[in-house]
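Following: one structure in structure tokens, then a few remarks.
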Amino acid sequence: MRLFGCSHDQNGARAPKALSVVIPAYNSAAVIEQTVRRVADRLAGDDVEIIVVENGSTDGTAELCARLAAGWAAGPVTLTVLQSEKGMGNALRAGAEASRGAHVLLTADDLPFGFDDLDGAERLAADGRLPRVVIGSKAHPDSQVRRGALRGTLTWGFAAMRRVVLGMRTGDPQGTVLMDGDLIRELVPGLVEPGFLFTTELVYLAERSGIVPVEVPVRLSDDHDSHETRISRADVLAMGVGLFRLRARHRDGGRLAWSGSASRG
């Protein structure tokens, strides 16, 4: 099914874009051009915008992205390069706020799952049951993810903390996230996490609004698996503390700002 070929608003008029792909770029000079071109090739001919958000790089990523945007050929797949303060969450927030898509995909600079997330969404759409939130999930039982012992232990421990502290049902809110565009642009103003917890906060608010995200299986790419993780033990500890911060911040606000369209899951 051609999920992202075109989009219409409630009045039948053509929406600006069917899909926005948001890619944070921090010290990504080695991979970002290949990633952008892979996305453009995969979605060629579709009504798509690619939004790259550079956030405090020191390796020439900003200059590379500027050159890439300047030389981008006109067509249905457009490229926009933005800048934000340092932090994955800051970059994803800036990209989501600027998005115009009927759907918005939040992914990473090296496409860790290839296009398994989009393929999974298209299968759901073909069955007539595309939900408002689809997650490319490492926690799905059919996912193929190789982890070392330490990495697996940290992942399991953090997942257990999410369930206990936040009561989240989603197995992997830090996978790639494909969300209804109106929903994500409605939720983003309530998000403040600047780093790795951004998508956890986003999915947490979606859950609190009555939406049940659907997780689809993914395969971790060989390129991604060969890289050392960018998340340190200190990051994991900080994220664990951050879960309590999230709970306190949203204790009384779960359905307030999002009781309208967000609750139609």
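Identifiers in the structure tokens: chain A, B, ... in order shown; residue index from 1 per chain; ligand index from 1 in order shown.
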Any chance you could list, as a VMD selection string, the residues in segment 16-227 of chain A that come up helix (DSSP H, G or I) when DSSP is run on the backbone?
-> chain A and resid 32 to 42 61 to 70 88 to 98 116 to 126 149 to 166 181 to 190 198 to 208 222 to 226
Got a sec: who's within 12 Å of Pro131 of chain A, counting only C-alpha atoms, leaving out chain neighbours fewer than 5 positions off, as an NGL selection string?
-> :A and (103 or 120-126 or 177-180 or 183 or 206 or 211-216 or 264-265)
Could you write out the selected residues, including C-alpha atoms, as a PDB file, in the first residue's frame?
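Output (out33.pdb):
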```pdb
ATOM      1  CA  HIS A 103       2.433  11.581   9.614  1.00  0.00           C
ATOM      2  CA  GLY A 120       5.462  -2.313   9.405  1.00  0.00           C
ATOM      3  CA  ALA A 121       3.261   0.779   9.235  1.00  0.00           C
ATOM      4  CA  GLU A 122       2.401   0.082   5.621  1.00  0.00           C
ATOM      5  CA  ARG A 123       1.389  -3.478   6.497  1.00  0.00           C
ATOM      6  CA  LEU A 124      -0.913  -2.137   9.210  1.00  0.00           C
ATOM      7  CA  ALA A 125      -2.398   0.374   6.768  1.00  0.00           C
ATOM      8  CA  ALA A 126      -2.963  -2.361   4.192  1.00  0.00           C
ATOM      9  CA  VAL A 177       8.285   6.713  16.363  1.00  0.00           C
ATOM     10  CA  LEU A 178       5.780   7.204  13.536  1.00  0.00           C
ATOM     11  CA  MET A 179       2.952   9.415  14.771  1.00  0.00           C
ATOM     12  CA  ASP A 180      -0.102  11.140  13.406  1.00  0.00           C
ATOM     13  CA  LEU A 183      -1.167  14.511  17.344  1.00  0.00           C
ATOM     14  CA  ALA A 206       0.245   9.701  24.198  1.00  0.00           C
ATOM     15  CA  ILE A 211      -3.782   6.103  22.927  1.00  0.00           C
ATOM     16  CA  VAL A 212      -2.314   2.607  22.662  1.00  0.00           C
ATOM     17  CA  PRO A 213       0.854   2.640  20.529  1.00  0.00           C
ATOM     18  CA  VAL A 214       1.420  -0.350  18.267  1.00  0.00           C
ATOM     19  CA  GLU A 215       4.947  -1.763  18.193  1.00  0.00           C
ATOM     20  CA  VAL A 216       6.262  -3.379  15.014  1.00  0.00           C
ATOM     21  CA  ARG A 264      -9.109   9.857  19.645  1.00  0.00           C
ATOM     22  CA  GLY A 265      -6.793   6.876  19.543  1.00  0.00           C
TER      23      GLY A 265
END
```
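Atom pair atom CA of Val22 of chain A / atom CA of Arg146 of chain A has a distance of 25.4 Å (rounded to one decimal).
Checking A:Arg169, A:Arg208, A:Arg185, A:Arg249 one by one against Arg100 of chain A, counting only C-alpha atoms, you find the shortest gap at A:Arg185.
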Computed gap from atom CA of Gly195 of chain A to atom CA of Phe158 of chain A is 15.5 Å
